[in-house]
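See below for my_file_36.txt, which holds compact mmCIF, C-alpha atoms.
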# COMPACT_ATOMS: atom_id res chain seq x y z
CA MET A 3 53.46 128.68 123.77
CA SER A 4 51.92 125.28 124.53
CA ALA A 5 54.04 122.32 125.62
CA MET A 6 53.28 120.62 122.28
CA VAL A 7 54.55 123.58 120.29
CA GLN A 8 57.66 123.78 122.47
CA MET A 9 58.43 120.11 121.81
CA ALA A 10 58.01 120.60 118.06
CA ARG A 11 60.33 123.62 118.12
CA ALA A 12 62.92 121.67 120.14
CA ALA A 13 62.77 118.83 117.60
CA ASN A 14 63.28 121.34 114.80
CA THR A 15 66.36 122.77 116.55
CA ALA A 16 67.67 119.25 117.13
CA SER A 17 67.23 118.39 113.45
CA MET A 18 69.66 121.15 112.48
CA ALA A 19 72.34 119.60 114.68
CA LEU A 20 71.60 116.03 113.56
CA ALA A 21 71.98 116.91 109.87
CA SER A 22 75.76 117.13 110.26
CA VAL A 23 76.44 114.36 112.79
CA PRO A 24 79.27 112.15 111.46
CA THR A 25 78.38 108.64 110.32
CA GLU A 26 80.67 107.10 112.94
CA THR A 27 78.82 108.90 115.73
CA LYS A 28 75.47 107.79 114.38
CA ASN A 29 76.63 104.19 114.27
CA ASP A 30 78.06 104.42 117.79
CA LEU A 31 74.69 105.63 119.06
CA LEU A 32 72.83 102.79 117.34
CA ALA A 33 75.25 100.17 118.67
CA SER A 34 75.00 101.63 122.17
CA LEU A 35 71.20 101.57 122.02
CA ALA A 36 71.24 97.97 120.77
CA ASP A 37 73.31 96.96 123.81
CA ALA A 38 71.05 98.95 126.13
CA ILE A 39 67.91 97.30 124.79
CA ALA A 40 69.42 93.81 125.02
CA GLY A 41 70.50 94.51 128.60
CA ALA A 42 67.10 95.88 129.60
CA SER A 43 65.05 93.00 128.17
CA ASP A 44 63.43 92.12 131.50
CA ARG A 45 62.46 95.74 132.17
CA ILE A 46 61.02 96.12 128.68
CA VAL A 47 58.97 92.92 129.07
CA ALA A 48 57.67 94.17 132.44
CA ALA A 49 56.61 97.51 130.93
CA ASN A 50 54.99 95.70 128.03
CA GLN A 51 53.13 93.43 130.44
CA ARG A 52 51.48 96.50 131.96
CA ASP A 53 50.30 97.50 128.50
CA LEU A 54 49.05 93.99 127.74
CA GLU A 55 47.10 93.81 131.00
CA ALA A 56 45.46 97.18 130.36
CA ALA A 57 44.69 96.26 126.76
CA THR A 58 43.17 92.92 127.77
CA ALA A 59 41.04 94.64 130.40
CA ALA A 60 39.87 97.07 127.72
CA GLY A 61 38.75 94.17 125.52
CA VAL A 62 41.63 94.16 123.03
CA THR A 63 42.07 90.69 121.51
CA GLY A 64 43.42 88.87 118.48
CA PRO A 65 45.86 90.43 116.02
CA LYS A 66 46.00 93.82 117.74
CA LEU A 67 47.02 92.22 121.05
CA LYS A 68 49.62 90.16 119.21
CA ARG A 69 51.10 93.26 117.58
CA LEU A 70 51.31 94.90 121.00
CA THR A 71 53.29 92.04 122.55
CA LEU A 72 57.05 92.22 123.09
CA THR A 73 58.78 88.92 123.86
CA PRO A 74 62.46 88.40 124.80
CA GLY A 75 62.98 87.05 121.29
CA GLY A 76 61.33 90.09 119.74
CA ILE A 77 63.44 92.42 121.89
CA ALA A 78 66.60 90.60 120.77
CA GLN A 79 65.47 91.10 117.15
CA MET A 80 64.96 94.79 117.88
CA ALA A 81 68.56 95.06 119.07
CA ASP A 82 69.79 93.14 116.03
CA GLY A 83 67.81 95.49 113.80
CA LEU A 84 69.66 98.46 115.27
CA ARG A 85 73.00 96.83 114.52
CA GLN A 86 71.86 96.15 110.96
CA ILE A 87 70.91 99.81 110.48
CA ALA A 88 74.32 100.83 111.83
CA ALA A 89 75.92 98.63 109.17
CA LEU A 90 74.00 100.28 106.32
CA ALA A 91 75.54 103.00 104.19
CA ASP A 92 74.75 106.52 105.38
CA PRO A 93 72.64 108.21 102.68
CA VAL A 94 73.35 111.76 103.88
CA GLY A 95 75.77 113.50 101.54
CA GLN A 96 75.52 110.86 98.82
CA VAL A 97 75.90 112.40 95.36
CA THR A 98 73.26 110.91 93.05
CA ARG A 99 74.08 112.96 89.98
CA GLU A 100 77.03 115.15 88.96
CA TYR A 101 77.58 117.13 85.76
CA ASP A 102 78.73 120.40 84.19
CA VAL A 103 76.44 122.81 82.33
CA PRO A 104 77.41 125.09 79.40
CA SER A 105 77.87 128.09 81.71
CA GLY A 106 80.72 126.23 83.40
CA LEU A 107 78.82 125.55 86.61
CA HIS A 108 79.52 122.20 88.27
CA VAL A 109 76.24 120.72 89.49
CA ARG A 110 75.81 117.99 92.08
CA LYS A 111 72.55 116.46 93.30
CA VAL A 112 73.06 115.47 96.92
CA ARG A 113 70.99 113.57 99.50
CA CYS A 114 70.16 115.48 102.66
CA PRO A 115 67.87 114.93 105.68
CA ILE A 116 64.19 115.87 105.47
CA GLY A 117 64.32 117.55 108.90
CA VAL A 118 61.62 116.69 111.45
CA ILE A 119 59.50 113.64 110.77
CA MET A 120 56.38 113.03 112.82
CA MET A 121 55.09 109.47 112.79
CA ILE A 122 51.67 108.49 114.14
CA TYR A 123 51.14 104.76 114.53
CA GLU A 124 49.14 102.16 116.40
CA ALA A 125 49.92 99.23 118.66
CA ARG A 126 53.41 98.03 117.64
CA PRO A 127 55.95 99.31 120.22
CA ASN A 128 58.87 98.00 118.15
CA VAL A 129 58.04 100.73 115.63
CA THR A 130 59.26 103.26 118.20
CA ILE A 131 62.83 101.97 117.92
CA ASP A 132 62.69 101.24 114.19
CA ALA A 133 61.40 104.73 113.41
CA PHE A 134 63.90 106.49 115.65
CA ALA A 135 66.86 104.49 114.33
CA LEU A 136 66.04 105.05 110.68
CA CYS A 137 65.23 108.74 111.12
CA PHE A 138 68.40 109.27 113.15
CA LYS A 139 70.68 107.46 110.68
CA ALA A 140 69.19 109.59 107.90
CA GLY A 141 69.94 112.76 109.92
CA ASN A 142 66.36 113.55 110.97
CA ALA A 143 64.74 114.30 114.31
CA CYS A 144 61.53 112.39 114.95
CA ILE A 145 58.31 113.04 116.83
CA LEU A 146 56.65 109.71 117.58
CA LYS A 147 52.99 109.35 118.54
CA GLY A 148 52.43 105.70 119.37
CA GLY A 149 49.10 104.23 120.36
CA ARG A 150 48.10 104.80 123.97
CA GLU A 151 47.77 101.03 124.37
CA ALA A 152 51.60 100.82 124.09
CA GLN A 153 52.37 103.77 126.38
CA HIS A 154 54.50 102.01 129.00
CA SER A 155 56.48 100.04 126.41
CA ASN A 156 57.13 103.14 124.32
CA GLU A 157 58.18 105.20 127.33
CA MET A 158 60.68 102.55 128.40
CA LEU A 159 62.19 102.35 124.91
CA ALA A 160 62.35 106.14 124.56
CA THR A 161 64.09 106.41 127.94
CA LEU A 162 66.80 104.02 126.78
CA ALA A 163 67.27 106.03 123.59
CA HIS A 164 67.49 109.31 125.52
CA ASP A 165 70.11 107.84 127.84
CA CYS A 166 72.26 106.87 124.86
CA LEU A 167 71.83 110.28 123.21
CA ARG A 168 72.96 112.06 126.40
CA LYS A 169 76.06 109.88 126.69
CA LEU A 170 77.20 110.98 123.24
CA GLY A 171 76.29 114.62 123.79
CA LEU A 172 73.46 114.53 121.25
CA PRO A 173 70.14 116.36 121.72
CA THR A 174 67.46 114.21 123.34
CA ALA A 175 64.92 116.02 121.17
CA ALA A 176 66.19 113.76 118.39
CA LEU A 177 63.39 111.53 119.70
CA THR A 178 60.26 113.20 121.05
CA LEU A 179 57.66 110.75 122.30
CA LEU A 180 54.06 111.94 122.50
CA THR A 181 51.62 110.17 124.77
CA THR A 182 48.64 112.46 124.35
CA SER A 183 45.45 111.18 122.77
CA ASP A 184 43.78 114.60 122.81
CA ARG A 185 42.52 115.28 119.29
CA GLU A 186 42.71 119.06 119.66
CA GLU A 187 46.39 118.84 120.63
CA MET A 188 47.05 116.58 117.66
CA LYS A 189 45.28 119.04 115.35
CA ALA A 190 47.51 121.81 116.70
CA LEU A 191 50.63 119.74 115.98
CA LEU A 192 49.44 118.93 112.47
CA ALA A 193 49.25 122.67 111.78
CA LEU A 194 52.94 123.29 112.62
CA ASP A 195 54.24 123.25 109.08
CA ASP A 196 57.02 125.67 110.06
CA ALA A 197 58.49 123.17 112.57
CA ILE A 198 57.60 119.71 111.21
CA ASP A 199 58.56 118.70 107.67
CA LEU A 200 56.76 115.40 107.10
CA VAL A 201 53.97 113.40 108.75
CA ILE A 202 53.75 109.63 108.35
CA PRO A 203 50.46 108.14 109.59
CA ARG A 204 50.66 104.36 109.81
CA GLY A 205 47.46 102.56 110.71
CA GLY A 206 43.79 102.13 109.96
CA THR A 207 41.28 104.15 107.97
CA ALA A 208 40.22 106.41 110.85
CA LEU A 209 43.81 107.46 111.63
CA ILE A 210 44.68 108.11 107.98
CA ARG A 211 41.50 110.14 107.45
CA PHE A 212 42.11 112.22 110.60
CA VAL A 213 45.64 113.16 109.51
CA HIS A 214 44.58 113.81 105.92
CA GLU A 215 41.78 116.15 107.04
CA HIS A 216 43.78 118.17 109.56
CA SER A 217 47.41 118.25 108.42
CA ARG A 218 48.97 121.34 106.88
CA ILE A 219 52.19 119.33 106.69
CA PRO A 220 53.00 117.05 103.72
CA THR A 221 52.06 113.44 104.48
CA VAL A 222 53.18 110.02 103.30
CA GLN A 223 50.49 107.50 104.18
CA HIS A 224 51.19 103.96 105.30
CA PHE A 225 47.66 102.73 104.73
CA HIS A 226 46.17 99.31 105.29
CA GLY A 227 47.14 96.42 103.04
CA VAL A 228 44.31 94.93 101.01
CA CYS A 229 46.62 92.61 99.08
CA HIS A 230 45.43 90.42 96.21
CA ILE A 231 46.77 87.38 94.39
CA PHE A 232 45.41 86.67 90.91
CA VAL A 233 45.79 83.06 89.77
CA ASP A 234 45.88 83.30 85.99
CA ARG A 235 44.72 80.59 83.57
CA ASP A 236 48.38 79.92 82.71
CA ALA A 237 49.50 79.51 86.32
CA ASP A 238 51.51 76.61 87.67
CA LEU A 239 48.84 75.41 90.10
CA ASP A 240 51.22 73.76 92.57
CA LYS A 241 53.18 77.00 92.76
CA ALA A 242 49.95 78.99 93.06
CA LEU A 243 48.62 76.86 95.91
CA THR A 244 51.77 77.19 97.99
CA ILE A 245 52.01 80.96 97.44
CA CYS A 246 48.32 81.61 98.19
CA VAL A 247 48.28 79.60 101.41
CA THR A 248 51.57 80.86 102.85
CA ALA A 249 50.84 84.48 101.87
CA LYS A 250 48.02 84.29 104.39
CA THR A 251 49.32 81.91 107.06
CA SER A 252 52.97 82.96 107.52
CA ALA A 253 51.97 86.21 109.28
CA PRO A 254 48.24 86.93 108.97
CA ALA A 255 48.34 90.12 111.07
CA THR A 256 50.79 91.96 108.82
CA CYS A 257 49.92 94.54 106.16
CA ASN A 258 51.56 92.48 103.39
CA ALA A 259 49.56 89.32 104.06
CA ALA A 260 47.24 88.37 101.21
CA GLU A 261 43.59 89.12 101.94
CA ALA A 262 41.97 87.96 98.69
CA VAL A 263 42.61 85.45 95.93
CA LEU A 264 41.13 85.94 92.47
CA VAL A 265 40.93 82.80 90.32
CA ASP A 266 40.58 82.72 86.53
CA ALA A 267 37.29 81.04 85.66
CA SER A 268 38.85 78.78 83.03
CA MET A 269 40.59 76.69 85.68
CA ALA A 270 38.38 77.35 88.70
CA GLU A 271 36.90 73.84 88.78
CA THR A 272 40.38 72.37 89.07
CA PHE A 273 42.00 74.93 91.38
CA VAL A 274 39.30 76.27 93.70
CA PRO A 275 38.65 72.97 95.55
CA LYS A 276 42.41 72.54 96.08
CA LEU A 277 42.82 76.15 97.23
CA VAL A 278 39.92 76.04 99.68
CA SER A 279 41.02 72.68 101.06
CA GLY A 280 44.61 73.90 101.45
CA LEU A 281 43.53 77.07 103.24
CA ILE A 282 41.15 75.27 105.57
CA ASP A 283 43.74 72.61 106.39
CA ALA A 284 46.03 75.50 107.40
CA GLY A 285 43.36 76.91 109.72
CA VAL A 286 42.08 79.65 107.40
CA GLU A 287 38.40 80.56 107.12
CA VAL A 288 37.44 80.95 103.45
CA ARG A 289 34.78 83.43 102.38
CA GLY A 290 33.89 82.87 98.75
CA ASP A 291 31.60 84.13 96.04
CA GLU A 292 28.77 82.00 94.65
CA THR A 293 31.03 80.02 92.33
CA VAL A 294 33.59 79.30 95.04
CA CYS A 295 30.88 78.09 97.42
CA ARG A 296 29.46 75.84 94.70
CA LEU A 297 32.87 74.31 93.94
CA ALA A 298 33.94 73.94 97.59
CA ASN A 299 31.33 73.23 100.23
CA GLU A 300 33.74 74.16 103.05
CA ALA A 301 33.73 77.83 102.00
CA THR A 302 31.22 80.24 103.54
CA SER A 303 29.44 82.91 101.54
CA ALA A 304 31.26 86.23 101.40
CA ASP A 305 29.49 89.45 102.35
CA ALA A 306 29.78 92.58 100.23
CA ASP A 307 32.24 94.15 102.68
CA ASP A 308 34.58 91.14 102.54
CA TRP A 309 35.91 92.52 99.25
CA GLY A 310 38.37 95.29 100.04
CA ARG A 311 38.67 94.26 103.68
CA GLU A 312 41.93 93.93 105.60
CA PHE A 313 41.16 90.94 107.82
CA LEU A 314 44.55 90.80 109.60
CA ASP A 315 43.49 87.33 110.65
CA LEU A 316 43.25 83.76 109.33
CA ILE A 317 40.47 84.69 106.91
CA MET A 318 40.73 84.80 103.11
CA ALA A 319 38.26 86.09 100.54
CA VAL A 320 38.20 84.09 97.28
CA ARG A 321 36.49 85.10 94.06
CA VAL A 322 36.30 83.61 90.54
CA VAL A 323 36.74 86.16 87.73
CA PRO A 324 36.38 85.74 83.94
CA GLY A 325 39.98 86.73 83.24
CA LEU A 326 42.81 89.25 83.54
CA ASP A 327 40.76 92.36 82.79
CA ASP A 328 38.21 91.51 85.47
CA ALA A 329 40.94 90.71 88.01
CA ILE A 330 42.57 94.09 87.38
CA GLU A 331 39.20 95.85 87.61
CA HIS A 332 38.58 94.15 90.98
CA ILE A 333 42.01 95.20 92.28
CA HIS A 334 41.49 98.81 91.15
CA ARG A 335 38.12 98.88 92.90
CA TYR A 336 39.00 97.15 96.15
CA GLY A 337 42.79 97.39 96.53
CA SER A 338 44.74 99.84 98.67
CA ASN A 339 47.85 100.39 96.47
CA HIS A 340 49.85 98.17 98.81
CA THR A 341 50.80 94.82 97.21
CA ASP A 342 49.23 92.75 94.44
CA ALA A 343 50.53 89.61 92.76
CA ILE A 344 49.88 87.48 89.70
CA ILE A 345 50.69 83.79 89.37
CA THR A 346 51.26 82.92 85.70
CA GLU A 347 53.72 81.24 83.36
CA ASN A 348 52.67 83.57 80.53
CA GLN A 349 55.14 86.46 80.27
CA VAL A 350 52.79 88.57 78.12
CA THR A 351 50.09 88.31 80.79
CA ALA A 352 52.58 89.02 83.56
CA ASP A 353 53.78 92.15 81.75
CA ALA A 354 50.21 93.34 81.21
CA PHE A 355 49.48 92.88 84.91
CA THR A 356 52.55 94.80 86.09
CA GLN A 357 51.91 97.60 83.59
CA ARG A 358 48.29 98.07 84.65
CA VAL A 359 48.39 97.35 88.38
CA HIS A 360 50.31 100.22 89.97
CA SER A 361 50.51 99.06 93.58
CA SER A 362 53.53 100.09 95.63
CA CYS A 363 54.86 96.61 94.87
CA THR A 364 53.57 94.34 92.10
CA MET A 365 54.67 90.72 92.30
CA VAL A 366 54.95 88.02 89.64
CA ASN A 367 55.03 84.42 90.88
CA ALA A 368 55.94 85.48 94.40
CA SER A 369 54.13 86.05 97.68
CA THR A 370 52.82 89.46 98.70
CA ARG A 371 54.77 88.92 101.93
CA PHE A 372 57.96 89.94 100.12
CA ASN A 373 56.90 93.60 100.06
CA ASP A 374 59.19 94.33 102.97
CA GLY A 375 62.24 96.55 103.23
CA PHE A 376 64.58 93.80 104.40
CA GLN A 377 63.30 91.27 101.85
CA LEU A 378 63.72 93.78 99.00
CA GLY A 379 67.28 94.60 99.96
CA LEU A 380 66.77 97.94 101.72
CA GLY A 381 68.09 96.56 105.00
CA ALA A 382 65.27 98.08 107.06
CA GLU A 383 62.12 100.13 106.63
CA ILE A 384 60.01 102.60 108.56
CA GLY A 385 56.88 101.23 106.90
CA ILE A 386 55.32 100.74 103.46
CA SER A 387 54.08 103.90 101.80
CA THR A 388 50.86 103.72 99.79
CA THR A 389 51.26 107.38 98.77
CA LYS A 390 52.93 107.83 95.40
CA ILE A 391 54.74 111.05 96.42
CA HIS A 392 57.53 111.27 97.55
CA ALA A 393 58.10 107.62 98.44
CA TYR A 394 56.12 104.58 97.32
CA GLY A 395 56.54 101.14 98.83
CA PRO A 396 58.98 100.25 101.63
CA MET A 397 60.63 103.38 103.09
CA GLY A 398 64.25 102.76 103.95
CA LEU A 399 67.05 105.20 104.68
CA GLU A 400 67.11 106.76 101.21
CA GLU A 401 63.37 107.44 101.38
CA LEU A 402 63.93 109.36 104.64
CA THR A 403 66.10 111.85 102.79
CA THR A 404 65.39 114.35 100.05
CA GLN A 405 67.72 115.65 97.35
CA ARG A 406 69.06 119.14 96.78
CA PHE A 407 71.43 120.79 94.35
CA VAL A 408 74.91 121.94 95.33
CA VAL A 409 76.42 124.14 92.61
CA ALA A 410 80.02 125.37 92.29
CA GLY A 411 80.95 128.25 90.00
CA SER A 412 83.94 130.41 89.18
CA GLY A 413 82.31 133.84 89.06
CA GLN A 414 79.43 133.15 86.68
CA HIS A 415 76.64 135.75 86.63
CA ARG A 416 73.46 136.47 84.66
Serialized structure, C-alpha cells:
Amino acid sequence: MSAMVQMARAANTASMALASVPTETKNDLLASLADAIAGASDRIVAANQRDLEAATAAGVTGPKLKRLTLTPGGIAQMADGLRQIAALADPVGQVTREYDVPSGLHVRKVRCPIGVIMMIYEARPNVTIDAFALCFKAGNACILKGGREAQHSNEMLATLAHDCLRKLGLPTAALTLLTTSDREEMKALLALDDAIDLVIPRGGTALIRFVHEHSRIPTVQHFHGVCHIFVDRDADLDKALTICVTAKTSAPATCNAAEAVLVDASMAETFVPKLVSGLIDAGVEVRGDETVCRLANEATSADADDWGREFLDLIMAVRVVPGLDDAIEHIHRYGSNHTDAIITENQVTADAFTQRVHSSCTMVNASTRFNDGFQLGLGAEIGISTTKIHAYGPMGLEELTTQRFVVAGSGQHR
C-alpha cells in the first residue's frame, strides 16, 4: 500500500471518530488553534517569507504573489476567523425536518458529516486553516493539497493544528497535508472513492479540468469568477458608477471581483464616459468594444479573449449591449456561474434578470463582492461553489454536511 493510500485510509478512520466529537471539544480545539497561530505569528511570517522568496525567484508576480503573502495582520485575522467559527452553531445533529407517516413511523431528517473531504487549491495559505476549521467543526476529516508555492507556510500551519489535536487527544489525521505535485500520485488519490467522500478543487481552469478528468470521487468545483455587472437603461447612474468601480478596485485579485461591465445602449453615451473615467481615475485599465472606445478615448480596444476572462487585476472589460436579452446572452456565453449583478430601478427587469441568470449568486443593485460567506451571513466559507450539486455558492458549515433519515418505529413491518 502506497504512502498516499495509507494517508487516505487514516483520514477515513479519523473521520469516523470526528463525527461524534462533542461541540464543546470542537470549539476548544478551534480556540486553542487560534491562540497558537496568534502566538506563532513571527514563525509563520518567516515560513511564508521562504515561500515568497522561492516564488519571486520562479518569476511569480502580481495577484498570485499577493495571494501567497501572509502578513501579521492577515495572521491575526486568521486567528479571529477560527474564533468566529467556534462561535457558530454546530450543524451536526441538527434536525431539519420531523414528521410522522401513516404507518406510525416517526421520521427525522438530520444533518451529519460528509466524511473525508479532499481540497485541492492554489497559492492562498490561509485556506489551509479555513478549510481545516470548517471541515473539523462540521465533523469531517480533511486532506489538503495546497500549491507547492505555499509549502513552507502550509507545513507550519498544519504543524500548529496537529499540536492542538494531540493535546485534546484527537486524531492528527483530521488534517492531512499533501505536498506532492506528482500527477500520477494525485490521480491515484482521485481514484480512492472508498476512502474519500468529496473532492473540492479550487483554482484555475487547468486544475479544475485535471480533477474533473481523473476523479472517481464526487466533486464540487470552486471555479474561477468571471463576474458581470449589467447597467440597465433604468439604472440609477450614480449608484451604478460607484458599484462598478468598487466591485473591481476593492479587491481585484478575488474571485468575486467584477471582470466585465455591460451597458445598455440607450444610455451608453451618458454613462460610458463617466464609467471609463471613474475606472481610470481609480487605476483600472479599461478594455472596451468599438462603441466604448468611440465614446471614451481613454479605453483600449478589447481582444476576443477579454470576454470571459478572469483578470484578477486592475483591468475591466466594458461592452455596450442593445438591452437585457443581449446582456443575459453575453453572461450565459462568457460567465462562469459565479456572480452576476444588475443595476436597475425597474423591478420587472430585475426579476427577469434573476429568473434567467442562474449564477451561484445573482445580485440586484449590489456589488458582486458581496458573494462571500461572511457577507451573506454564513459566518465563514470554504469557498464559492460553481457546481449546482450538492452546494451552490458560498460553502459554509451546513454545506459541509449532508442529510440522512433517522426513523423510529414501534414494531412496524412490511
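Compared by their closest atoms to Asp165 (chain A), and using all atoms listed in the file, the residues A:Ser34, A:Gln8, A:Thr293, A:Thr248 rank with A:Ser34 nearest.
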Considering only C-alpha atoms, tabulate each residue of region 105-170 of chain A that lies at most 12 Å from region 13-24 of chain A along with its nearest interatomic pair and the corresponding distance in Å to one decimal; arrange the rows by chain and ascending residue number and present them as a Markdown table.
| residue | atom | partner | partner_atom | distance |
| --- | --- | --- | --- | --- |
| A:Arg113 | CA | A:Ala21 | CA | 10.9 |
| A:Cys114 | CA | A:Ala21 | CA | 7.6 |
| A:Pro115 | CA | A:Ala21 | CA | 6.2 |
| A:Ile116 | CA | A:Ser17 | CA | 8.9 |
| A:Gly117 | CA | A:Ser17 | CA | 5.5 |
| A:Val118 | CA | A:Asn14 | CA | 6.0 |
| A:Ile119 | CA | A:Ala13 | CA | 9.2 |
| A:Met120 | CA | A:Ala13 | CA | 9.9 |
| A:Cys137 | CA | A:Leu20 | CA | 10.0 |
| A:Phe138 | CA | A:Leu20 | CA | 7.5 |
| A:Lys139 | CA | A:Leu20 | CA | 9.1 |
| A:Ala140 | CA | A:Ala21 | CA | 8.1 |
| A:Gly141 | CA | A:Ala21 | CA | 4.6 |
| A:Asn142 | CA | A:Ser17 | CA | 5.5 |
| A:Ala143 | CA | A:Ser17 | CA | 4.9 |
| A:Cys144 | CA | A:Ala13 | CA | 7.1 |
| A:Ile145 | CA | A:Ala13 | CA | 7.3 |
| A:Leu146 | CA | A:Ala13 | CA | 11.0 |
| A:Leu167 | CA | A:Leu20 | CA | 11.2 |
| A:Leu170 | CA | A:Val23 | CA | 11.0 |
Sorted by chain and rising residue number, which residues of region 324-343 of chain A lie within 9 Å of region 298-312 of chain A, and what are their closest atom pairs and distances in Å to one decimal, counting all atoms listed in the file, as CSV?
residue,atom,partner,partner_atom,distance
A:His332,CA,A:Trp309,CA,8.8
A:Ile333,CA,A:Gly310,CA,8.6
A:Arg335,CA,A:Gly310,CA,8.0
A:Tyr336,CA,A:Gly310,CA,4.4
A:Gly337,CA,A:Gly310,CA,6.0
A:Ser338,CA,A:Gly310,CA,7.9
Region 36-43 of chain A surroundings by all atoms listed in the file, 7 Å radius, close-in-sequence under 5 positions cut, as an NGL selection string = :A and (74 or 77-78 or 81-82 or 84-85 or 162)
Could you tell me how far CA of Leu402 (chain A) lies from CA of Leu136 (chain A), in Å and to one decimal?
->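 Value for the CA of Leu402 (chain A)-CA of Leu136 (chain A) distance: 7.7 Å.
Closest approach to Ile317 (chain A) among A:Thr63, A:Thr251, A:Ser105, A:Asn367 is made by A:Thr251 (distances from all atoms listed in the file).
CA of Glu187 (chain A) lies 9.8 Å from CA of Ala5 (chain A).
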Nearby residues (all atoms listed in the file) at most 9 Å from Ile131 (chain A), same-chain spacing under 4 positions excluded, as a list of chain:residue names =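 Contacts, with the query itself left out: A:Met80, A:Leu84, A:Pro127, A:Ala135, A:Leu136, A:Asn156, A:Leu159, A:Ala160, A:Ala163.
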Mind checking which residues fall within 6 Å of Ile344 (chain A), counting all atoms listed in the file, ignoring those fewer than 2 positions away in the same chain, and posting them as a list in words?
-> Ile231, Phe232 and Val366 of chain A
A:Gly148, A:Lys241, A:Met188, A:Asn29: which is nearest Ser217 (chain A), counting all atoms listed in the file?
->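 Among the listed residues, A:Met188 lies closest to Ser217 (chain A).
The spacing separating CA of Lys250 (chain A) from CA of Val233 (chain A) amounts to 14.8 Å.
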